[in-house]
>>> print(open('structure_24.json').read())   # JSON, C-alpha atoms
[["chain", "number", "residue", "atom", "x", "y", "z"],
["B", 1075, "SER", "CA", 0.00, 0.00, 0.00],
["B", 1076, "GLU", "CA", 1.08, 3.56, -0.63],
["B", 1077, "PRO", "CA", 2.44, 5.45, 2.38],
["B", 1078, "THR", "CA", 0.06, 7.98, 3.93],
["B", 1079, "VAL", "CA", 1.19, 11.56, 3.41],
["B", 1080, "LYS", "CA", 0.92, 13.58, 6.61],
["B", 1081, "LYS", "CA", -1.50, 16.50, 6.46],
["B", 1082, "LEU", "CA", 0.20, 19.89, 6.49],
["B", 1083, "VAL", "CA", -1.50, 22.27, 8.92],
["B", 1084, "ILE", "CA", -0.93, 26.00, 8.34],
["B", 1085, "GLY", "CA", -1.91, 28.45, 11.03],
["B", 1086, "LEU", "CA", -2.78, 31.98, 9.88],
["B", 1087, "LEU", "CA", -2.38, 34.59, 12.61],
["B", 1088, "MET", "CA", -5.36, 36.92, 12.35],
["B", 1089, "PRO", "CA", -5.36, 40.52, 13.63],
["B", 1090, "GLU", "CA", -8.11, 41.83, 15.89],
["B", 1091, "ASP", "CA", -11.56, 42.40, 14.34],
["B", 1092, "ASP", "CA", -11.15, 46.19, 14.39],
["B", 1093, "SER", "CA", -7.65, 46.13, 12.92],
["B", 1094, "PRO", "CA", -7.00, 47.87, 9.56],
["B", 1095, "PHE", "CA", -4.99, 44.75, 8.64],
["B", 1096, "LEU", "CA", -8.01, 42.45, 8.89],
["B", 1097, "SER", "CA", -9.04, 42.70, 5.22],
["B", 1098, "ALA", "CA", -5.45, 42.06, 4.10],
["B", 1099, "ALA", "CA", -5.22, 39.02, 6.40],
["B", 1100, "LYS", "CA", -8.43, 37.62, 4.91],
["B", 1101, "ILE", "CA", -6.95, 37.99, 1.43],
["B", 1102, "VAL", "CA", -3.88, 36.03, 2.56],
["B", 1103, "GLY", "CA", -6.19, 33.37, 4.00],
["B", 1104, "ASN", "CA", -8.09, 33.12, 0.71],
["B", 1105, "GLY", "CA", -4.80, 32.76, -1.13],
["B", 1106, "LEU", "CA", -3.63, 29.98, 1.17],
["B", 1107, "ALA", "CA", -6.95, 28.18, 0.79],
["B", 1108, "ALA", "CA", -6.80, 28.44, -3.02],
["B", 1109, "ALA", "CA", -3.18, 27.28, -3.11],
["B", 1110, "SER", "CA", -3.97, 24.31, -0.87],
["B", 1111, "LYS", "CA", -6.64, 23.12, -3.30],
["B", 1112, "THR", "CA", -4.27, 23.18, -6.27],
["B", 1113, "SER", "CA", -1.07, 22.00, -4.58],
["B", 1114, "GLY", "CA", -1.91, 18.30, -4.65],
["B", 1115, "ARG", "CA", -1.04, 18.06, -0.96],
["B", 1116, "ASN", "CA", -3.27, 17.38, 2.00],
["B", 1117, "VAL", "CA", -3.36, 20.86, 3.53],
["B", 1118, "GLU", "CA", -5.49, 22.45, 6.21],
["B", 1119, "VAL", "CA", -5.52, 26.18, 6.94],
["B", 1120, "LEU", "CA", -6.49, 27.23, 10.47],
["B", 1121, "GLN", "CA", -7.19, 30.81, 11.42],
["B", 1122, "ILE", "CA", -5.65, 31.67, 14.79],
["B", 1123, "GLU", "CA", -7.92, 34.43, 16.05],
["B", 1124, "ALA", "CA", -6.73, 37.41, 18.10],
["B", 1125, "SER", "CA", -8.42, 39.42, 20.80],
["B", 1126, "SER", "CA", -7.55, 42.61, 22.64],
["B", 1127, "ALA", "CA", -6.43, 40.51, 25.61],
["B", 1128, "ALA", "CA", -4.44, 37.91, 23.66],
["B", 1129, "SER", "CA", -0.74, 38.50, 23.06],
["B", 1130, "LEU", "CA", 1.26, 37.37, 20.06],
["B", 1131, "ASP", "CA", 2.87, 34.71, 22.23],
["B", 1132, "ALA", "CA", -0.59, 33.46, 23.17],
["B", 1133, "GLN", "CA", -1.52, 33.17, 19.49],
["B", 1134, "ILE", "CA", 1.61, 31.16, 18.73],
["B", 1135, "ASP", "CA", 0.97, 28.94, 21.77],
["B", 1136, "ALA", "CA", -2.58, 28.37, 20.48],
["B", 1137, "ALA", "CA", -1.14, 27.37, 17.10],
["B", 1138, "VAL", "CA", 1.19, 24.86, 18.76],
["B", 1139, "SER", "CA", -1.69, 23.41, 20.80],
["B", 1140, "ALA", "CA", -3.77, 23.05, 17.60],
["B", 1141, "GLY", "CA", -1.03, 20.94, 16.00],
["B", 1142, "VAL", "CA", -0.01, 23.55, 13.44],
["B", 1143, "ASP", "CA", 3.12, 22.77, 11.40],
["B", 1144, "VAL", "CA", 3.89, 26.32, 10.24],
["B", 1145, "VAL", "CA", 2.53, 29.74, 11.16],
["B", 1146, "VAL", "CA", 1.86, 32.46, 8.56],
["B", 1147, "GLY", "CA", 1.74, 36.01, 9.92],
["B", 1148, "PRO", "CA", 1.63, 38.43, 11.55],
["B", 1149, "LEU", "CA", 1.14, 41.31, 9.11],
["B", 1150, "GLN", "CA", 1.75, 44.13, 11.58],
["B", 1151, "LYS", "CA", 5.31, 45.49, 11.70],
["B", 1152, "ASN", "CA", 5.23, 46.00, 15.47],
["B", 1153, "ALA", "CA", 4.35, 42.32, 15.94],
["B", 1154, "VAL", "CA", 7.20, 41.28, 13.64],
["B", 1155, "GLU", "CA", 9.57, 43.35, 15.80],
["B", 1156, "ILE", "CA", 8.44, 41.31, 18.80],
["B", 1157, "LEU", "CA", 9.29, 38.08, 16.97],
["B", 1158, "VAL", "CA", 12.70, 39.39, 15.92],
["B", 1159, "ARG", "CA", 13.63, 40.00, 19.55],
["B", 1160, "ARG", "CA", 12.76, 36.45, 20.61],
["B", 1161, "THR", "CA", 15.58, 33.96, 21.14],
["B", 1162, "SER", "CA", 13.60, 31.02, 19.73],
["B", 1163, "LEU", "CA", 10.30, 29.98, 18.23],
["B", 1164, "PRO", "CA", 8.52, 26.65, 18.81],
["B", 1165, "LEU", "CA", 7.72, 26.20, 15.09],
["B", 1166, "PRO", "CA", 8.46, 27.87, 11.74],
["B", 1167, "VAL", "CA", 6.89, 31.32, 11.38],
["B", 1168, "VAL", "CA", 6.53, 33.15, 8.05],
["B", 1169, "ALA", "CA", 6.02, 36.83, 8.98],
["B", 1170, "LEU", "CA", 4.29, 38.89, 6.29],
["B", 1171, "ASN", "CA", 6.28, 42.03, 6.98],
["B", 1172, "THR", "CA", 9.88, 43.03, 7.61],
["B", 1173, "SER", "CA", 11.77, 44.41, 10.56],
["B", 1174, "ASP", "CA", 13.64, 47.70, 10.88],
["B", 1175, "THR", "CA", 16.08, 46.10, 13.33],
["B", 1176, "PRO", "CA", 19.59, 46.70, 11.90],
["B", 1177, "ASN", "CA", 21.12, 43.48, 13.27],
["B", 1178, "LEU", "CA", 19.06, 40.50, 12.17],
["B", 1179, "SER", "CA", 21.73, 37.90, 12.89],
["B", 1180, "ALA", "CA", 20.19, 37.25, 16.31],
["B", 1181, "CYS", "CA", 16.74, 36.45, 14.87],
["B", 1182, "PRO", "CA", 15.24, 33.07, 15.73],
["B", 1183, "ASN", "CA", 16.22, 30.40, 13.20],
["B", 1184, "ASN", "CA", 12.57, 29.53, 12.57],
["B", 1185, "LEU", "CA", 11.62, 33.06, 11.51],
["B", 1186, "ILE", "CA", 11.19, 33.96, 7.84],
["B", 1187, "MET", "CA", 10.20, 37.52, 6.88],
["B", 1188, "MET", "CA", 8.40, 38.37, 3.63],
["B", 1189, "SER", "CA", 7.23, 41.86, 2.77],
["B", 1190, "VAL", "CA", 3.69, 42.10, 1.40],
["B", 1191, "SER", "CA", 3.52, 45.83, 2.06],
["B", 1192, "THR", "CA", 0.31, 47.40, 0.79],
["B", 1193, "GLU", "CA", 2.25, 50.62, 0.28],
["B", 1194, "ARG", "CA", 4.66, 48.91, -2.13],
["B", 1195, "GLU", "CA", 1.71, 47.38, -3.95],
["B", 1196, "ALA", "CA", 0.08, 50.82, -4.12],
["B", 1197, "GLN", "CA", 3.27, 52.32, -5.52],
["B", 1198, "PHE", "CA", 3.41, 49.67, -8.24],
["B", 1199, "ILE", "CA", -0.27, 50.21, -9.12],
["B", 1200, "ALA", "CA", 0.12, 53.99, -9.26],
["B", 1201, "GLN", "CA", 3.10, 53.61, -11.58],
["B", 1202, "ALA", "CA", 1.16, 51.26, -13.85],
["B", 1203, "ALA", "CA", -1.80, 53.67, -13.90],
["B", 1204, "ALA", "CA", 0.51, 56.58, -14.65],
["B", 1205, "ARG", "CA", 2.07, 54.76, -17.60],
["B", 1206, "SER", "CA", -1.37, 54.11, -19.09],
["B", 1207, "LEU", "CA", -2.38, 57.75, -18.63],
["B", 1208, "THR", "CA", 0.82, 59.31, -19.95],
["B", 1209, "THR", "CA", 0.61, 57.23, -23.14],
["B", 1210, "ALA", "CA", -2.98, 58.33, -23.81],
["B", 1211, "PRO", "CA", -3.59, 60.51, -26.92],
["B", 1212, "GLN", "CA", -4.61, 63.45, -24.72],
["B", 1213, "PRO", "CA", -3.42, 64.52, -21.26],
["B", 1214, "ALA", "CA", -5.45, 62.57, -18.70],
["B", 1215, "LYS", "CA", -6.26, 63.23, -15.08],
["B", 1216, "ALA", "CA", -6.62, 60.76, -12.21],
["B", 1217, "ALA", "CA", -8.88, 60.74, -9.16],
["B", 1218, "ILE", "CA", -7.71, 59.25, -5.87],
["B", 1219, "LEU", "CA", -10.63, 58.04, -3.75],
["B", 1220, "ALA", "CA", -9.68, 57.67, -0.11],
["B", 1221, "GLY", "CA", -11.47, 56.36, 2.96],
["B", 1222, "PRO", "CA", -11.24, 57.89, 6.43],
["B", 1223, "SER", "CA", -9.02, 55.34, 8.22],
["B", 1224, "ALA", "CA", -5.32, 55.92, 8.84],
["B", 1225, "TRP", "CA", -4.46, 52.94, 6.60],
["B", 1226, "GLU", "CA", -6.53, 54.34, 3.71],
["B", 1227, "GLN", "CA", -5.04, 57.81, 4.13],
["B", 1228, "LYS", "CA", -1.54, 56.32, 4.04],
["B", 1229, "LEU", "CA", -2.46, 54.48, 0.85],
["B", 1230, "SER", "CA", -3.73, 57.74, -0.65],
["B", 1231, "GLU", "CA", -0.45, 59.48, 0.21],
["B", 1232, "THR", "CA", 1.49, 56.70, -1.53],
["B", 1233, "TYR", "CA", -0.63, 57.13, -4.66],
["B", 1234, "GLN", "CA", -0.15, 60.90, -4.55],
["B", 1235, "GLN", "CA", 3.60, 60.64, -4.25],
["B", 1236, "ALA", "CA", 3.92, 58.10, -7.07],
["B", 1237, "LEU", "CA", 1.66, 60.04, -9.47],
["B", 1238, "GLY", "CA", 3.36, 63.32, -8.62],
["B", 1239, "GLU", "CA", 6.81, 61.90, -9.33],
["B", 1240, "LEU", "CA", 5.60, 60.75, -12.76],
["B", 1241, "GLY", "CA", 3.97, 64.07, -13.62],
["B", 1242, "VAL", "CA", 0.36, 62.86, -13.61],
["B", 1243, "ASP", "CA", -2.28, 65.43, -12.64],
["B", 1244, "PHE", "CA", -4.72, 64.22, -9.97],
["B", 1245, "ASP", "CA", -7.37, 65.25, -7.43],
["B", 1246, "VAL", "CA", -8.08, 63.58, -4.09],
["B", 1247, "PHE", "CA", -11.63, 62.84, -2.94],
["B", 1248, "GLN", "CA", -12.73, 61.63, 0.48],
["B", 1249, "VAL", "CA", -15.32, 58.84, 0.33],
["B", 1250, "ASP", "CA", -18.17, 58.58, 2.83],
["B", 1251, "GLU", "CA", -21.67, 57.16, 2.52],
["B", 1252, "GLU", "CA", -23.43, 60.51, 3.02],
["B", 1253, "HIS", "CA", -21.89, 62.11, -0.08],
["B", 1254, "LEU", "CA", -21.81, 59.23, -2.57],
["B", 1255, "ALA", "CA", -24.45, 60.83, -4.81],
["B", 1256, "GLU", "CA", -22.48, 64.08, -5.00],
["B", 1257, "LEU", "CA", -19.31, 62.16, -5.76],
["B", 1258, "GLN", "CA", -21.05, 60.25, -8.53],
["B", 1259, "LYS", "CA", -22.13, 63.52, -10.19],
["B", 1260, "THR", "CA", -18.55, 64.80, -10.04],
["B", 1261, "PHE", "CA", -17.35, 61.85, -12.12],
["B", 1262, "GLU", "CA", -20.17, 61.83, -14.66],
["B", 1263, "PRO", "CA", -19.14, 62.50, -18.27],
["B", 1264, "LYS", "CA", -20.46, 65.73, -19.74],
["B", 1265, "LEU", "CA", -21.52, 66.38, -23.32],
["B", 1266, "SER", "CA", -19.97, 69.22, -25.26],
["B", 1267, "PHE", "CA", -21.91, 72.44, -25.70],
["B", 1268, "GLU", "CA", -22.42, 71.57, -29.39],
["B", 1269, "ASP", "CA", -23.87, 68.12, -28.54],
["B", 1270, "LEU", "CA", -26.21, 69.61, -25.93],
["B", 1271, "GLN", "CA", -27.45, 72.16, -28.44],
["B", 1272, "ALA", "CA", -28.01, 69.45, -31.05],
["B", 1273, "PHE", "CA", -30.19, 67.38, -28.70],
["B", 1274, "GLU", "CA", -32.13, 70.48, -27.63],
["B", 1275, "GLU", "CA", -32.79, 71.41, -31.27],
["B", 1276, "ARG", "CA", -34.09, 67.89, -31.94],
["B", 1277, "ARG", "CA", -36.51, 68.17, -29.02],
["B", 1278, "LYS", "CA", -37.79, 71.52, -30.26],
["B", 1279, "GLU", "CA", -38.28, 70.10, -33.76],
["B", 1280, "ILE", "CA", -40.20, 67.11, -32.39],
["B", 1281, "GLN", "CA", -42.45, 69.39, -30.33],
["B", 1282, "LYS", "CA", -43.20, 71.42, -33.46],
["B", 1283, "THR", "CA", -43.94, 68.50, -35.77],
["B", 1284, "VAL", "CA", -45.41, 65.80, -33.53],
["B", 1285, "GLU", "CA", -48.88, 66.15, -32.06],
["B", 1286, "GLU", "CA", -49.46, 65.97, -28.32],
["B", 1287, "GLY", "CA", -50.01, 62.51, -26.88],
["B", 1288, "HIS", "CA", -48.23, 59.16, -26.64],
["B", 1289, "GLN", "CA", -46.43, 59.65, -29.93],
["B", 1290, "LEU", "CA", -44.83, 62.88, -28.70],
["B", 1291, "LYS", "CA", -43.80, 61.29, -25.40],
["B", 1292, "ARG", "CA", -42.24, 58.31, -27.20],
["B", 1293, "ALA", "CA", -40.33, 60.57, -29.60],
["B", 1294, "LEU", "CA", -38.96, 62.74, -26.77],
["B", 1295, "ALA", "CA", -38.11, 59.66, -24.69],
["B", 1296, "ALA", "CA", -36.16, 58.23, -27.64],
["B", 1297, "VAL", "CA", -34.05, 61.41, -27.86],
["B", 1298, "THR", "CA", -33.42, 61.38, -24.10],
["B", 1299, "SER", "CA", -32.38, 57.73, -24.26],
["B", 1300, "GLU", "CA", -29.97, 58.47, -27.10],
["B", 1301, "GLU", "CA", -28.57, 61.41, -25.14],
["B", 1302, "LYS", "CA", -27.96, 59.25, -22.04],
["B", 1303, "ALA", "CA", -26.25, 56.59, -24.16],
["B", 1304, "LYS", "CA", -23.95, 59.20, -25.66],
["B", 1305, "ILE", "CA", -23.11, 60.52, -22.18],
["B", 1306, "ALA", "CA", -22.33, 57.00, -20.92],
["B", 1307, "MET", "CA", -19.88, 56.46, -23.78],
["B", 1308, "SER", "CA", -18.23, 59.88, -23.48],
["B", 1309, "ASP", "CA", -14.88, 60.46, -21.82],
["B", 1310, "PRO", "CA", -15.29, 61.18, -18.08],
["B", 1311, "PRO", "CA", -13.53, 64.17, -16.48],
["B", 1312, "TYR", "CA", -11.12, 61.74, -14.80],
["B", 1313, "ALA", "CA", -9.64, 58.99, -16.93],
["B", 1314, "ALA", "CA", -8.72, 56.80, -13.97],
["B", 1315, "ALA", "CA", -9.68, 56.19, -10.35],
["B", 1316, "LEU", "CA", -7.18, 54.88, -7.80],
["B", 1317, "LEU", "CA", -8.96, 53.39, -4.80],
["B", 1318, "ALA", "CA", -7.45, 53.91, -1.37],
["B", 1319, "LEU", "CA", -10.35, 51.99, 0.17],
["B", 1320, "ASP", "CA", -11.10, 48.77, 1.99],
["B", 1321, "ILE", "CA", -13.35, 46.14, 0.44],
["B", 1322, "GLN", "CA", -16.55, 47.69, 1.81],
["B", 1323, "GLY", "CA", -15.67, 51.18, 0.62],
["B", 1324, "ALA", "CA", -14.66, 49.93, -2.81],
["B", 1325, "SER", "CA", -17.95, 48.05, -3.20],
["B", 1326, "LEU", "CA", -19.87, 51.26, -2.44],
["B", 1327, "ILE", "CA", -18.09, 53.37, -5.02],
["B", 1328, "ARG", "CA", -17.23, 50.96, -7.83],
["B", 1329, "ASN", "CA", -20.63, 50.82, -9.55],
["B", 1330, "ARG", "CA", -21.00, 54.60, -9.28],
["B", 1331, "LEU", "CA", -18.04, 55.30, -11.55],
["B", 1332, "PRO", "CA", -18.41, 55.93, -15.30],
["B", 1333, "ARG", "CA", -18.09, 53.01, -17.70],
["B", 1334, "LEU", "CA", -14.99, 54.42, -19.40],
["B", 1335, "MET", "CA", -13.19, 55.35, -16.18],
["B", 1336, "ARG", "CA", -10.35, 52.93, -15.50],
["B", 1337, "VAL", "CA", -10.22, 51.69, -11.93],
["B", 1338, "TRP", "CA", -7.01, 50.71, -10.13],
["B", 1339, "ALA", "CA", -6.81, 49.26, -6.62],
["B", 1340, "THR", "CA", -4.67, 47.14, -4.31],
["B", 1341, "SER", "CA", -5.58, 43.59, -3.41],
["B", 1342, "ALA", "CA", -7.07, 44.93, -0.16],
["B", 1343, "SER", "CA", -9.86, 46.61, -2.16]]
>>> encode(input="structure_24.json", output="structure tokens")
Amino acid sequence: SEPTVKKLVIGLLMPEDDSPFLSAAKIVGNGLAAASKTSGRNVEVLQIEASSAASLDAQIDAAVSAGVDVVVGPLQKNAVEILVRRTSLPLPVVALNTSDTPNLSACPNNLIMMSVSTEREAQFIAQAAARSLTTAPQPAKAAILAGPSAWEQKLSETYQQALGELGVDFDVFQVDEEHLAELQKTFEPKLSFEDLQAFEERRKEIQKTVEEGHQLKRALAAVTSEEKAKIAMSDPPYAAALLALDIQGASLIRNRLPRLMRVWATSAS
């Protein structure tokens, strides 16, 4: 009989429920789950929850008690600094951030650090967006849509710096649920004065030549429908939107943006 392959148990260290890193940790968890299904190995991913009272050591102890083979996380830099200062670890830990400690030779042998910095991802995305805008036939402008949290504001600053360095013009907009309708109007494409006049002339001509009643209403409705279709396919005032938002904020704003407005975002959105 074929030998039984031992199940690999991966423990994902989760931040607290109110942490700005929670959405990023969930994305990592989804990636681990997807990779486990395609790896051909018998893999189980366990989420090691955190609470305001639980320390990082307590999370690692919980992982050991659960029979975890390797721990993935934490994401927070301050937590990685705690691991760096430890003399040993009871099992391999893959930290998803790096340390600013100058001397890393004293790090525990079981500690591996990988940077998945959202800021670096944001910088890459802003550069890619800038390249697409600077190669456009006409000068294009970008809109940065930022949420209120410190993490989202930091992301917005990263976008601003990257776009500014590459000479891309941009405006920054704060996103909140109370002003979504106003924001949507700001991004709506506008017809030229000539196009507006043309549609108005057609309406006047219809009102002169078509008798009152259902026929008139249908004729005017057809012109309005054509006008809306032309607006939808017109260039918006901002050629691109860069989202400095979490998943919830991005879901609120995404379907309110014009069809021809390119949307760029990090994996956290």
>>> closest_residue(input="structure_24.json", among="B:Leu1106, B:Ala1169, B:Ala1315, B:Leu1185", to="Arg1328 in chain B", atoms="only C-alpha atoms")
B:Ala1315
>>> atom_distance(input="structure_24.json", atom1="CA of Glu1090 in chain B", atom2="CA of Val1119 in chain B")
18.2 Å
>>> residues_around(input="structure_24.json", residues="range 1265-1279 of chain B", least_positions_apart="2", cutoff="9 Å", atoms="all atoms listed in the file", output="ChimeraX atom specification")
/B:1263,1281-1284,1293-1294,1297-1298,1301,1304-1305,1308
>>> atom_distance(input="structure_24.json", atom1="CA of Thr1112 in chain B", atom2="CA of Ile1186 in chain B")
23.5 Å
>>> atom_distance(input="structure_24.json", atom1="CA of Leu1240 in chain B", atom2="CA of Leu1257 in chain B")
25.9 Å
>>> closest_residue(input="structure_24.json", among="B:Asn1152, B:Val1144, B:Ser1206, B:Asp1250", to="Asn1184 in chain B", atoms="all atoms listed in the file")
B:Val1144
>>> closest_residue(input="structure_24.json", among="B:Trp1338, B:Ile1280, B:Met1088, B:Glu1239", to="Arg1292 in chain B", atoms="all atoms listed in the file")
B:Ile1280
>>> closest_residue(input="structure_24.json", among="B:Leu1254, B:Leu1165, B:Leu1157, B:Asn1116", to="Cys1181 in chain B", atoms="all atoms listed in the file")
B:Leu1157
>>> residues_around(input="structure_24.json", residues="Lys1228 in chain B", least_positions_apart="6", cutoff="12 Å", atoms="all atoms listed in the file", output="ChimeraX atom specification")
/B:1094,1191-1194,1196-1197,1220-1222,1234-1235,1317-1319
>>> write_last_selection(input="structure_24.json", atoms="C-alpha atoms", output="mmCIF file, in the coordinates of the input")
data_model
loop_
_atom_site.group_PDB
_atom_site.id
_atom_site.type_symbol
_atom_site.label_atom_id
_atom_site.label_comp_id
_atom_site.auth_asym_id
_atom_site.auth_seq_id
_atom_site.Cartn_x
_atom_site.Cartn_y
_atom_site.Cartn_z
ATOM 1 C CA PRO B 1094 -7.000 47.870 9.560
ATOM 2 C CA SER B 1191 3.520 45.830 2.060
ATOM 3 C CA THR B 1192 0.310 47.400 0.790
ATOM 4 C CA GLU B 1193 2.250 50.620 0.280
ATOM 5 C CA ARG B 1194 4.660 48.910 -2.130
ATOM 6 C CA ALA B 1196 0.080 50.820 -4.120
ATOM 7 C CA GLN B 1197 3.270 52.320 -5.520
ATOM 8 C CA ALA B 1220 -9.680 57.670 -0.110
ATOM 9 C CA GLY B 1221 -11.470 56.360 2.960
ATOM 10 C CA PRO B 1222 -11.240 57.890 6.430
ATOM 11 C CA GLN B 1234 -0.150 60.900 -4.550
ATOM 12 C CA GLN B 1235 3.600 60.640 -4.250
ATOM 13 C CA LEU B 1317 -8.960 53.390 -4.800
ATOM 14 C CA ALA B 1318 -7.450 53.910 -1.370
ATOM 15 C CA LEU B 1319 -10.350 51.990 0.170
#
>>> closest_residue(input="structure_24.json", among="B:Asn1104, B:Val1083, B:Pro1148, B:Gln1289", to="Glu1118 in chain B", atoms="all atoms listed in the file")
B:Val1083
>>> axis_aligned_box(input="structure_24.json", around="range 1316-1335 of chain B", padding_each_side="3 Å", output="JSON")
{"center_x": -14.1, "center_y": 51.0, "center_z": -8.7, "size_x": 19.8, "size_y": 15.8, "size_z": 27.4}
>>> residues_around(input="structure_24.json", residues="Asn1171 in chain B", least_positions_apart="2", cutoff="9 Å", atoms="all atoms listed in the file", output="VMD selection string")
chain B and resid 1147 to 1151 1154 1168 to 1169 1173 1187 to 1191
>>> closest_residue(input="structure_24.json", among="B:Ser1110, B:Thr1172, B:Gln1258, B:Gln1133", to="Val1158 in chain B", atoms="only C-alpha atoms")
B:Thr1172
>>> residues_around(input="structure_24.json", residues="Thr1260 in chain B", least_positions_apart="2", cutoff="12 Å", atoms="only C-alpha atoms", output="list in words")
Ala1217, Asp1245, Phe1247, His1253, Leu1254, Ala1255, Glu1256, Leu1257, Gln1258, Glu1262, Pro1263, Lys1264, Pro1310, Pro1311, Tyr1312, Arg1330, Leu1331 and Pro1332 of chain B
>>> decode(input="structure_24.json", residues="range 1147-1153 of chain B", atoms="all heavy atoms", output="compact mmCIF listing (two decimals), in the first residue's frame")
# COMPACT_ATOMS: atom_id res chain seq x y z
N GLY B 1147 2.11 34.76 9.25
CA GLY B 1147 1.74 36.01 9.92
C GLY B 1147 2.74 36.27 11.04
O GLY B 1147 3.64 35.45 11.27
N PRO B 1148 2.65 37.38 11.70
CA PRO B 1148 1.63 38.43 11.55
C PRO B 1148 1.95 39.39 10.41
O PRO B 1148 3.04 39.38 9.85
CB PRO B 1148 1.71 39.13 12.90
CG PRO B 1148 3.16 39.01 13.27
CD PRO B 1148 3.58 37.66 12.79
N LEU B 1149 0.98 40.27 10.12
CA LEU B 1149 1.14 41.31 9.11
C LEU B 1149 1.70 42.60 9.70
O LEU B 1149 2.39 43.36 9.03
CB LEU B 1149 -0.22 41.62 8.46
CG LEU B 1149 -0.70 40.69 7.36
CD1 LEU B 1149 -2.19 40.81 7.17
CD2 LEU B 1149 0.02 41.01 6.05
N GLN B 1150 1.39 42.86 10.97
CA GLN B 1150 1.75 44.13 11.58
C GLN B 1150 3.25 44.20 11.86
O GLN B 1150 3.84 43.27 12.42
CB GLN B 1150 0.98 44.33 12.89
CG GLN B 1150 -0.52 44.18 12.74
CD GLN B 1150 -1.00 42.78 13.08
OE1 GLN B 1150 -0.47 41.80 12.58
NE2 GLN B 1150 -2.01 42.70 13.94
N LYS B 1151 3.87 45.33 11.50
CA LYS B 1151 5.31 45.49 11.70
C LYS B 1151 5.69 45.42 13.17
O LYS B 1151 6.72 44.82 13.52
CB LYS B 1151 5.78 46.82 11.10
CG LYS B 1151 7.29 47.03 11.17
CD LYS B 1151 7.71 48.33 10.52
CE LYS B 1151 7.70 48.22 9.02
NZ LYS B 1151 8.83 47.38 8.53
N ASN B 1152 4.87 46.02 14.05
CA ASN B 1152 5.23 46.00 15.47
C ASN B 1152 5.24 44.57 16.03
O ASN B 1152 6.06 44.22 16.89
CB ASN B 1152 4.29 46.89 16.28
CG ASN B 1152 2.85 46.41 16.24
OD1 ASN B 1152 2.41 45.83 15.25
ND2 ASN B 1152 2.11 46.62 17.31
N ALA B 1153 4.36 43.72 15.50
CA ALA B 1153 4.35 42.32 15.94
C ALA B 1153 5.57 41.57 15.41
O ALA B 1153 6.14 40.70 16.09
CB ALA B 1153 3.07 41.64 15.47
